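Text of the file run-v2.cif, holding mmCIF, C-alpha atoms:
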```
data_structure
loop_
_atom_site.label_atom_id
_atom_site.label_comp_id
_atom_site.auth_asym_id
_atom_site.auth_seq_id
_atom_site.Cartn_x
_atom_site.Cartn_y
_atom_site.Cartn_z
CA MET A 1 32.53 216.35 162.02
CA SER A 2 34.44 213.88 164.20
CA THR A 3 32.02 211.10 163.23
CA TYR A 4 33.76 210.97 159.85
CA LEU A 5 37.22 210.59 161.39
CA SER A 6 38.91 207.35 162.37
CA ASP A 7 39.60 206.52 166.01
CA ARG A 8 43.25 206.30 165.00
CA VAL A 9 43.63 209.87 163.83
CA GLN A 10 41.72 211.25 166.80
CA LYS A 11 44.25 209.71 169.17
CA VAL A 12 47.17 211.47 167.54
CA LYS A 13 48.32 214.95 168.57
CA PRO A 14 49.50 217.51 166.02
CA SER A 15 53.26 218.08 166.07
CA ALA A 16 54.03 220.64 168.77
CA THR A 17 57.10 221.94 166.96
CA LEU A 18 55.15 222.46 163.74
CA ALA A 19 52.32 224.10 165.71
CA VAL A 20 54.72 226.61 167.28
CA THR A 21 56.23 227.39 163.89
CA ALA A 22 52.77 227.87 162.37
CA LYS A 23 51.66 230.21 165.18
CA ALA A 24 54.89 232.20 164.90
CA ASN A 25 54.43 232.53 161.14
CA GLU A 26 50.84 233.67 161.66
CA LEU A 27 51.99 236.44 164.01
CA LYS A 28 54.77 237.40 161.58
CA SER A 29 52.19 237.79 158.81
CA GLN A 30 50.40 240.29 161.07
CA GLY A 31 53.56 242.36 161.35
CA VAL A 32 54.70 241.10 164.75
CA GLN A 33 58.50 240.83 165.05
CA ILE A 34 58.86 237.22 166.23
CA VAL A 35 62.23 235.83 167.23
CA SER A 36 61.93 232.15 166.36
CA MET A 37 63.83 229.78 168.65
CA GLY A 38 61.54 226.85 167.94
CA SER A 39 62.43 225.56 164.49
CA GLY A 40 64.73 222.55 164.21
CA GLU A 41 66.43 223.36 160.94
CA PRO A 42 69.78 224.99 160.13
CA ASP A 43 69.63 228.64 159.06
CA PHE A 44 72.27 227.97 156.40
CA ASP A 45 71.42 227.69 152.71
CA THR A 46 71.84 224.33 151.01
CA PRO A 47 75.43 224.34 149.64
CA GLU A 48 75.78 225.52 146.06
CA ASN A 49 77.28 222.27 144.77
CA ILE A 50 74.19 220.41 145.99
CA GLN A 51 71.86 222.96 144.39
CA LYS A 52 73.73 222.62 141.09
CA ALA A 53 73.45 218.83 141.21
CA ALA A 54 69.67 219.14 141.52
CA ILE A 55 69.48 221.60 138.63
CA GLN A 56 71.62 219.32 136.48
CA ALA A 57 69.38 216.38 137.36
CA ILE A 58 66.38 218.32 136.03
CA LYS A 59 68.25 219.19 132.84
CA ASP A 60 69.25 215.55 132.42
CA GLY A 61 65.63 214.44 132.64
CA GLN A 62 65.85 212.78 136.06
CA THR A 63 62.23 213.68 136.72
CA ARG A 64 60.58 210.28 136.58
CA TYR A 65 59.80 207.56 139.08
CA THR A 66 62.76 205.83 140.66
CA ALA A 67 62.85 202.51 142.48
CA VAL A 68 60.59 202.65 145.54
CA ASP A 69 63.54 202.35 147.93
CA GLY A 70 65.80 204.85 146.15
CA THR A 71 68.14 205.01 143.17
CA PRO A 72 70.89 202.37 143.10
CA ILE A 73 73.59 205.05 142.89
CA LEU A 74 72.33 206.87 146.00
CA LYS A 75 71.98 203.62 147.91
CA GLN A 76 75.58 202.80 147.02
CA ALA A 77 76.68 206.19 148.35
CA ILE A 78 74.85 205.41 151.60
CA ILE A 79 76.52 201.99 151.79
CA ASP A 80 79.89 203.68 151.26
CA LYS A 81 79.09 206.22 153.96
CA PHE A 82 78.34 203.50 156.51
CA ARG A 83 81.51 201.63 155.64
CA GLN A 84 83.82 204.64 155.67
CA GLU A 85 82.38 206.61 158.60
CA ASN A 86 80.83 203.94 160.82
CA ASN A 87 82.79 200.79 159.96
CA LEU A 88 79.50 199.02 159.20
CA THR A 89 78.80 196.88 156.14
CA TYR A 90 75.42 196.76 154.40
CA THR A 91 74.14 195.47 151.07
CA SER A 92 71.73 197.29 148.79
CA ALA A 93 68.89 195.09 150.05
CA GLU A 94 69.60 196.33 153.58
CA VAL A 95 69.18 200.04 152.73
CA ILE A 96 66.08 202.15 152.05
CA VAL A 97 65.79 205.80 151.00
CA SER A 98 62.64 207.60 152.15
CA SER A 99 60.99 211.01 152.08
CA GLY A 100 62.76 212.20 155.21
CA GLY A 101 63.95 210.44 158.32
CA LYS A 102 60.43 210.63 159.75
CA GLN A 103 59.18 208.27 157.04
CA VAL A 104 61.90 205.78 157.89
CA PHE A 105 60.62 205.63 161.47
CA TYR A 106 56.99 205.51 160.33
CA ASN A 107 57.70 202.71 157.87
CA LEU A 108 59.42 200.71 160.60
CA CYS A 109 56.53 201.09 163.03
CA GLN A 110 54.03 200.01 160.40
CA ALA A 111 56.22 197.09 159.36
CA VAL A 112 56.96 195.53 162.76
CA LEU A 113 54.46 196.70 165.40
CA ASN A 114 51.14 195.11 166.34
CA GLN A 115 48.44 195.91 168.86
CA GLY A 116 49.76 195.13 172.33
CA ASP A 117 53.41 195.63 171.43
CA GLU A 118 55.38 198.05 173.58
CA VAL A 119 57.91 200.61 172.40
CA ILE A 120 60.44 201.87 174.95
CA ILE A 121 61.14 205.57 174.42
CA PRO A 122 63.46 207.56 176.69
CA ALA A 123 62.21 211.04 177.60
CA PRO A 124 62.81 213.78 176.63
CA PHE A 125 61.99 212.41 173.18
CA TRP A 126 61.43 213.75 169.68
CA VAL A 127 57.75 214.63 169.57
CA SER A 128 56.76 212.20 166.80
CA TYR A 129 58.06 208.92 168.24
CA PRO A 130 55.06 208.08 170.50
CA ASP A 131 52.44 209.09 167.97
CA MET A 132 53.99 207.06 165.17
CA ALA A 133 54.01 204.06 167.52
CA LEU A 134 50.36 204.80 168.34
CA LEU A 135 49.47 204.86 164.65
CA ALA A 136 50.77 201.28 164.51
CA ASP A 137 48.47 200.37 167.45
CA ALA A 138 51.43 199.94 169.79
CA THR A 139 51.90 201.34 173.30
CA SER A 140 54.72 203.70 174.22
CA VAL A 141 56.58 203.02 177.46
CA ILE A 142 58.24 206.29 178.45
CA ILE A 143 61.39 206.24 180.61
CA GLU A 144 61.82 209.61 182.28
CA THR A 145 65.22 211.21 182.66
CA GLY A 146 66.21 214.69 183.73
CA LEU A 147 68.91 217.26 184.05
CA GLU A 148 70.54 215.41 186.96
CA GLN A 149 71.32 212.39 184.78
CA ASP A 150 72.20 214.39 181.67
CA PHE A 151 68.92 213.34 180.02
CA LYS A 152 70.22 209.78 179.45
CA ILE A 153 68.65 206.55 180.64
CA THR A 154 70.57 204.05 182.75
CA PRO A 155 70.84 200.29 182.12
CA GLU A 156 68.83 199.77 185.31
CA GLN A 157 65.98 201.91 183.96
CA LEU A 158 66.00 200.03 180.67
CA GLU A 159 65.95 196.63 182.38
CA ALA A 160 63.12 197.68 184.70
CA ASN A 161 60.89 198.68 181.79
CA ILE A 162 61.34 195.61 179.61
CA THR A 163 58.35 193.25 179.57
CA SER A 164 57.25 190.26 177.53
CA ASN A 165 55.49 192.76 175.23
CA THR A 166 58.53 194.91 174.50
CA LYS A 167 59.09 194.95 170.73
CA LEU A 168 61.16 198.05 170.00
CA PHE A 169 63.69 200.24 171.81
CA VAL A 170 64.34 203.79 170.54
CA ILE A 171 67.58 205.69 171.10
CA ASN A 172 68.49 209.12 169.72
CA SER A 173 72.03 210.47 170.09
CA PRO A 174 72.81 213.35 169.67
CA SER A 175 69.36 214.03 171.01
CA ASN A 176 66.48 216.18 169.97
CA PRO A 177 65.51 218.07 172.16
CA THR A 178 68.38 217.97 174.67
CA GLY A 179 71.58 217.75 172.63
CA ALA A 180 72.71 214.93 174.95
CA VAL A 181 75.19 212.41 173.53
CA TYR A 182 75.71 208.86 174.80
CA SER A 183 79.31 207.76 175.23
CA GLN A 184 80.57 204.41 173.94
CA ALA A 185 80.65 203.06 177.49
CA GLU A 186 77.06 204.14 178.12
CA LEU A 187 75.90 202.56 174.87
CA GLN A 188 77.77 199.34 175.67
CA ALA A 189 76.04 199.17 179.05
CA LEU A 190 72.63 199.48 177.36
CA ALA A 191 73.69 196.94 174.73
CA ASN A 192 74.54 194.45 177.47
CA ILE A 193 70.94 194.63 178.70
CA LEU A 194 69.49 194.32 175.21
CA LYS A 195 71.60 191.27 174.44
CA GLU A 196 69.77 189.50 177.25
CA HIS A 197 66.49 190.15 175.41
CA PRO A 198 67.04 188.96 171.83
CA LYS A 199 63.44 189.53 170.70
CA ILE A 200 63.69 193.31 171.07
CA LEU A 201 64.35 195.36 167.94
CA ILE A 202 66.32 198.60 168.18
CA ILE A 203 66.21 201.81 166.18
CA THR A 204 69.00 204.33 166.56
CA ASP A 205 68.13 207.79 165.28
CA ASP A 206 71.44 209.25 164.09
CA ILE A 207 70.07 212.24 162.20
CA TYR A 208 72.36 214.62 164.17
CA GLU A 209 75.42 212.38 163.78
CA HIS A 210 77.64 215.08 162.29
CA ILE A 211 76.49 217.99 164.45
CA ARG A 212 78.66 217.49 167.52
CA TRP A 213 81.47 219.29 169.31
CA GLY A 214 84.13 218.03 171.66
CA ASN A 215 86.86 215.48 171.15
CA ASN A 216 84.86 212.26 171.08
CA ASP A 217 84.16 210.48 167.79
CA PHE A 218 80.58 209.62 166.91
CA VAL A 219 79.35 206.22 168.06
CA ASN A 220 75.91 204.61 167.93
CA ILE A 221 74.72 201.47 169.69
CA VAL A 222 75.62 199.17 166.75
CA MET A 223 79.13 200.60 166.55
CA ALA A 224 79.44 200.09 170.31
CA ASP A 225 78.38 196.43 170.05
CA LYS A 226 78.06 194.83 166.61
CA ALA A 227 76.30 191.84 168.14
CA LEU A 228 73.14 193.98 167.88
CA LYS A 229 73.50 194.67 164.15
CA ASP A 230 71.13 191.92 163.02
CA ARG A 231 68.22 193.51 164.92
CA THR A 232 69.00 197.22 164.73
CA ILE A 233 67.76 199.78 162.21
CA ILE A 234 69.87 202.92 161.73
CA LEU A 235 67.96 206.07 160.80
CA ASN A 236 69.83 208.95 159.19
CA GLY A 237 69.47 211.55 156.44
CA VAL A 238 70.84 214.66 154.80
CA SER A 239 68.49 217.25 156.29
CA LYS A 240 70.49 218.48 159.28
CA ALA A 241 74.13 217.96 158.28
CA TYR A 242 73.74 219.51 154.82
CA ALA A 243 71.00 222.11 155.51
CA MET A 244 68.55 220.16 153.33
CA THR A 245 65.45 219.97 155.53
CA GLY A 246 63.03 220.80 152.71
CA TRP A 247 64.56 218.30 150.29
CA ARG A 248 63.07 215.45 152.35
CA ILE A 249 65.63 212.68 152.01
CA GLY A 250 66.19 210.25 154.86
CA TYR A 251 67.56 206.75 154.81
CA GLY A 252 67.64 203.62 156.91
CA ALA A 253 69.79 200.51 157.13
CA GLY A 254 69.08 197.24 158.87
CA PRO A 255 68.20 193.56 158.51
CA GLU A 256 67.10 192.67 154.98
CA ASN A 257 63.73 191.20 155.96
CA ILE A 258 62.78 194.33 157.92
CA ILE A 259 63.99 196.72 155.21
CA LYS A 260 61.99 194.69 152.67
CA ALA A 261 58.85 195.08 154.83
CA MET A 262 59.50 198.83 155.17
CA LYS A 263 59.83 199.06 151.39
CA LYS A 264 56.43 197.36 151.07
CA ILE A 265 54.85 199.98 153.34
CA GLN A 266 56.54 202.79 151.44
CA GLY A 267 55.44 201.32 148.12
CA GLN A 268 51.80 201.62 149.19
CA SER A 269 52.12 205.13 150.63
CA THR A 270 54.52 207.68 149.12
CA SER A 271 56.37 205.31 146.78
CA ASN A 272 59.81 206.64 145.81
CA PRO A 273 61.33 209.81 147.29
CA CYS A 274 61.72 212.79 144.95
CA SER A 275 64.10 211.91 142.11
CA ILE A 276 65.66 215.37 142.02
CA ALA A 277 66.20 215.45 145.79
CA GLN A 278 67.88 212.05 145.53
CA ALA A 279 70.36 213.48 143.01
CA ALA A 280 71.03 216.34 145.41
CA ALA A 281 71.52 213.89 148.29
CA LEU A 282 74.03 211.94 146.21
CA GLU A 283 76.12 215.09 145.81
CA ALA A 284 75.74 215.83 149.53
CA LEU A 285 77.21 212.46 150.49
CA ASN A 286 79.90 212.32 147.78
CA GLY A 287 80.80 216.00 147.45
CA ASP A 288 82.68 218.58 149.52
CA GLN A 289 82.00 218.06 153.23
CA ASN A 290 83.27 221.48 154.35
CA ILE A 291 79.75 222.80 155.01
CA ILE A 292 79.53 220.53 158.04
CA ASN A 293 82.59 222.07 159.69
CA ILE A 294 81.36 225.59 158.96
CA MET A 295 77.99 224.88 160.58
CA ILE A 296 79.48 223.12 163.59
CA CYS A 297 81.78 226.06 164.28
CA ALA A 298 78.81 228.46 164.22
CA PHE A 299 76.57 226.19 166.28
CA GLU A 300 79.20 225.72 168.98
CA LYS A 301 79.70 229.48 169.36
CA ARG A 302 75.94 230.01 169.59
CA HIS A 303 75.65 227.15 172.07
CA ASP A 304 78.28 228.58 174.40
CA PHE A 305 76.66 232.01 174.33
CA ILE A 306 73.10 230.84 174.94
CA VAL A 307 74.03 228.50 177.80
CA ASP A 308 75.83 231.28 179.69
CA ALA A 309 73.09 233.81 178.93
CA LEU A 310 70.24 231.55 180.04
CA ASN A 311 72.00 230.54 183.25
CA ALA A 312 72.30 234.24 184.11
CA ILE A 313 68.48 234.50 184.24
CA ASP A 314 66.90 233.87 187.64
CA GLY A 315 64.85 230.67 187.57
CA VAL A 316 66.58 229.05 184.58
CA GLU A 317 68.95 226.06 184.76
CA CYS A 318 70.57 225.35 181.40
CA PRO A 319 72.97 222.41 181.00
CA LYS A 320 75.48 222.28 178.20
CA SER A 321 74.70 220.27 175.07
CA GLN A 322 77.14 218.07 173.19
CA GLY A 323 75.44 218.04 169.82
CA ALA A 324 72.44 218.90 167.63
CA PHE A 325 71.45 222.58 167.87
CA TYR A 326 69.27 222.69 170.97
CA VAL A 327 69.51 223.49 174.65
CA PHE A 328 66.87 222.22 177.03
CA PRO A 329 66.82 224.34 180.19
CA ARG A 330 64.72 223.65 183.25
CA VAL A 331 62.51 226.70 183.79
CA LYS A 332 60.52 225.69 186.84
CA GLY A 333 61.80 228.68 188.82
CA LEU A 334 60.93 231.10 186.02
CA ILE A 335 57.44 229.64 185.72
CA SER A 336 56.91 230.20 189.45
CA ARG A 337 58.30 233.75 189.37
CA LEU A 338 55.91 234.74 186.58
CA GLY A 339 52.92 233.20 188.34
CA LEU A 340 52.31 230.75 185.51
CA LYS A 341 51.10 227.16 185.82
CA ASN A 342 53.47 225.22 183.61
CA ASP A 343 55.87 225.19 180.65
CA ILE A 344 52.99 225.40 178.18
CA GLU A 345 51.78 228.67 179.70
CA LEU A 346 55.37 229.93 179.74
CA SER A 347 55.81 229.16 176.04
CA THR A 348 52.52 230.90 175.27
CA TYR A 349 53.62 233.90 177.34
CA CYS A 350 56.95 234.03 175.53
CA LEU A 351 55.24 233.95 172.14
CA GLU A 352 52.37 236.36 172.78
CA VAL A 353 54.01 238.82 175.21
CA LEU A 354 57.75 238.60 174.50
CA ASN A 355 57.36 237.51 170.86
CA ILE A 356 59.81 234.62 171.28
CA ALA A 357 58.87 231.26 169.76
CA LEU A 358 59.87 228.31 171.98
CA VAL A 359 58.63 224.72 172.27
CA PRO A 360 57.35 223.60 175.70
CA GLY A 361 59.11 220.65 177.28
CA SER A 362 55.80 218.84 177.78
CA ALA A 363 55.73 218.20 174.03
CA PHE A 364 58.90 216.14 174.51
CA GLY A 365 57.63 214.33 177.61
CA ALA A 366 59.47 216.67 180.01
CA PRO A 367 57.31 219.24 181.85
CA ASP A 368 59.07 222.25 183.42
CA TYR A 369 61.56 222.47 180.54
CA VAL A 370 61.56 224.36 177.23
CA ARG A 371 63.54 223.80 174.06
CA PHE A 372 65.60 226.60 172.57
CA SER A 373 66.86 225.99 169.04
CA PHE A 374 70.01 227.92 168.22
CA ALA A 375 69.81 227.04 164.53
CA THR A 376 69.39 230.75 163.92
CA SER A 377 71.65 233.79 163.78
CA MET A 378 73.55 235.10 166.79
CA ASP A 379 71.72 238.42 166.41
CA LYS A 380 68.35 236.71 166.83
CA ILE A 381 69.63 234.68 169.78
CA LYS A 382 70.75 237.90 171.47
CA GLN A 383 67.35 239.49 170.78
CA ALA A 384 65.60 236.54 172.40
CA ILE A 385 67.85 236.63 175.47
CA GLU A 386 67.39 240.40 175.81
CA ARG A 387 63.60 240.07 175.73
CA LEU A 388 63.61 237.19 178.19
CA SER A 389 66.01 238.96 180.54
CA LYS A 390 63.62 241.90 180.87
CA VAL A 391 60.92 239.74 182.46
#
```
Whole structure given in structure tokens:
Amino acid sequence: MSTYLSDRVQKVKPSATLAVTAKANELKSQGVQIVSMGSGEPDFDTPENIQKAAIQAIKDGQTRYTAVDGTPILKQAIIDKFRQENNLTYTSAEVIVSSGGKQVFYNLCQAVLNQGDEVIIPAPFWVSYPDMALLADATSVIIETGLEQDFKITPEQLEANITSNTKLFVINSPSNPTGAVYSQAELQALANILKEHPKILIITDDIYEHIRWGNNDFVNIVMADKALKDRTIILNGVSKAYAMTGWRIGYGAGPENIIKAMKKIQGQSTSNPCSIAQAAALEALNGDQNIINIMICAFEKRHDFIVDALNAIDGVECPKSQGAFYVFPRVKGLISRLGLKNDIELSTYCLEVLNIALVPGSAFGAPDYVRFSFATSMDKIKQAIERLSKV
């Protein structure tokens, strides 16, 4: 009965991406041949050296509690990663290891947000951002973008949405769900606005940092302008780059007082992340990095195929991505052709009639779009395109 439930939990929507995956799995259990294009996890196995590190950790008895914010040796590997790859310097007190990148964001919201605070979130956005802000009693201010502006906000849009209540600005590049990537110049332009508003905190979600193609090096907003470092939290993890989604290791870096507050929240919720997964993450960061190049090569080939194939379908406009493993086509014409009302009905139609699992754009704050994940085999991508093309 709802009378037993808190007002807080009744405001929050279930994750749309997890709901699609659950429905697809239900149909699969009934014998339906579902082609899943909804899941946001690499189809590669966790590399063998990482698996072996976890097994060795078990044999060595690393099965007990660790420090709440992660083992010192893993935190040092994260510090080294930031220094070597991002030219950013952090101390151990400025780093936290959590049970996935999602917990990093959740910890931050609980640590810094109050009722009445506003969180600026560009749309399309990862589905969990607004609800995690809501769970901290804050209000999400959504800035809409679209295909015409490459799914990236402008400095003018950012400035226009800042108020006296703005507490946090969220940026995600490469983006889930669009695969859009901000250039250094674009990030600098946003940084120039934020420097005029020193009370605003920033979180940059870099979870897809290594999954990019093209000639440009990775850059986040702190790397673009280090003047923002003392009020920016960087979110990252091993799940996407090392095919370790189920291992649940994310990490954050930022100002010591904020990281300390996030540690306090974590200490009263999950406590430390899994000790064995931390040992595996240590090997991921310090070991052979070749898996990343192998995955990127496969993802880029899949990306090029799916963009061309989708654009060949009447009513679909699919821009190219620059990173992650998603494309985010506008399907307004296809919705109209099929006599459907919206992207939610289209996604339902695709699942129940065509047996293709997609996530509707509305879940990401962008109606009339859908998200295709190409973190699956080329054979399955071709099956999905073939089924869709027959409509």
Suppose you want the space between atom CA of A:Gln51 and atom CA of A:Pro174; what is it in Å?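 Computing it gives 27.1 Å between the two atoms.
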Around (67.0, 204.3, 170.0), as given in the file, which residues come within 10 Å? Count all atoms listed in the file and list them as a VMD selection string. chain A and resid 120 to 122 168 to 173 201 to 206 220 to 221 232 to 235
Which residue of A:Gly214, A:Leu113, A:Thr245, A:Ser269 approaches A:Ile296 most closely, using all atoms listed in the file: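 Under the stated criterion, the closest residue is A:Gly214.
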Could you tell me which of A:Met223, A:Cys109, A:Ala180, A:Leu18 comes closest to A:Tyr129 if we count only C-alpha atoms?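 Among the listed residues, A:Cys109 lies closest to A:Tyr129.
Remark: for A:Gly252, the closest of the candidate residues A:Val32, A:Ile385, A:Val95, A:Val9 is A:Val95 (distances computed over all atoms listed in the file).
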Could you tell me which residues the PyMOL selection byres ((chain A and resi 20) around 10) returns for this structure, as a VMD selection string? chain A and resid 15 to 19 21 to 26 36 to 39 347 to 348 351 357 to 360
Within 10 Å of A:Cys318, counting all atoms listed in the file, which residues qualify if same-chain residues fewer than 6 places away don't, as an NGL selection string? :A and (147 or 306-312 or 327-331 or 369-370)
Counting all atoms listed in the file, which residues of stretch 186-270 of chain A fall within 12 Å of stretch 63-77 of chain A, and what is the closest atom pair for each with its distance in Å at one decimal, ordered by chain and rising number, as CSV?
```
residue,atom,partner,partner_atom,distance
A:Gly237,CA,A:Leu74,CA,11.8
A:Val238,CA,A:Leu74,CA,11.8
A:Ile249,CA,A:Gly70,CA,9.8
A:Gly250,CA,A:Gly70,CA,10.3
A:Tyr251,CA,A:Lys75,CA,8.8
A:Gly252,CA,A:Asp69,CA,10.0
A:Ala253,CA,A:Lys75,CA,10.0
A:Ile259,CA,A:Asp69,CA,9.2
A:Lys260,CA,A:Asp69,CA,9.1
A:Ala261,CA,A:Asp69,CA,11.1
A:Met262,CA,A:Asp69,CA,9.0
A:Lys263,CA,A:Asp69,CA,6.0
A:Lys264,CA,A:Val68,CA,8.7
A:Ile265,CA,A:Val68,CA,10.0
A:Gln266,CA,A:Val68,CA,7.2
A:Gly267,CA,A:Val68,CA,5.9
A:Gln268,CA,A:Val68,CA,9.6
A:Ser269,CA,A:Val68,CA,10.2
A:Thr270,CA,A:Val68,CA,8.7
```
State, in Å with one decimal place, the distance from atom CA of A:Asn355 to atom CA of A:Pro14.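 For atom CA of A:Asn355 relative to atom CA of A:Pro14, the distance reads 22.0 Å.
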Do you have the atom CA of A:Gln184-atom CA of A:Asp217 distance handy?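 These atoms are spaced 9.4 Å apart.
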List the neighbours of stretch 157-159 of chain A out to 12 Å using all atoms listed in the file; skip same-chain residues closer than 2 positions along the sequence, and give me the result as a PyMOL selection string. chain A and resi 119-123+141-145+149+152-155+161-164+166+168-171+187+189-197+200
Counting all atoms listed in the file, which of A:Asp80, A:Met244, A:Gly365, A:Ile294 gets nearest to A:Ser140? A:Gly365
Counting all atoms listed in the file, which of A:Gly323, A:Asp288, A:Ile335, A:Ala375 gets nearest to A:Glu48?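 For A:Glu48, the nearest of the candidates is A:Asp288.
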Which residue, A:Pro319, A:Lys380, A:Leu27, A:Ile50, has the smallest gap to A:Gln278 when you use only C-alpha atoms? A:Ile50
Excluding stretch 256-258 of chain A and any residue of its chain fewer than 6 positions from it, enumerate the residues within 10 Å of it, using all atoms listed in the file, and give them as a PyMOL selection string. chain A and resi 90-96+107-108+111-112+230-233+264
Taking the file as shown, what set of residues would the PyMOL selection byres ((chain A and resi 45) around 9) give back, as a PyMOL selection string? chain A and resi 42-44+46-48+242-244
Please return, as an mmCIF file with C-alpha atoms, keeping the file's coordinate frame, all polymer residues that have at least one atom within 7 Å of the point (58.8, 239.3, 167.9); use all atoms listed in the file and the file's own coordinate frame.
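Here's the written file result25.cif:
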```cif
data_model
loop_
_atom_site.group_PDB
_atom_site.id
_atom_site.type_symbol
_atom_site.label_atom_id
_atom_site.label_comp_id
_atom_site.auth_asym_id
_atom_site.auth_seq_id
_atom_site.Cartn_x
_atom_site.Cartn_y
_atom_site.Cartn_z
ATOM 1 C CA VAL A 32 54.700 241.100 164.750
ATOM 2 C CA GLN A 33 58.500 240.830 165.050
ATOM 3 C CA ILE A 34 58.860 237.220 166.230
ATOM 4 C CA VAL A 35 62.230 235.830 167.230
ATOM 5 C CA LEU A 354 57.750 238.600 174.500
ATOM 6 C CA ASN A 355 57.360 237.510 170.860
ATOM 7 C CA ILE A 356 59.810 234.620 171.280
#
```
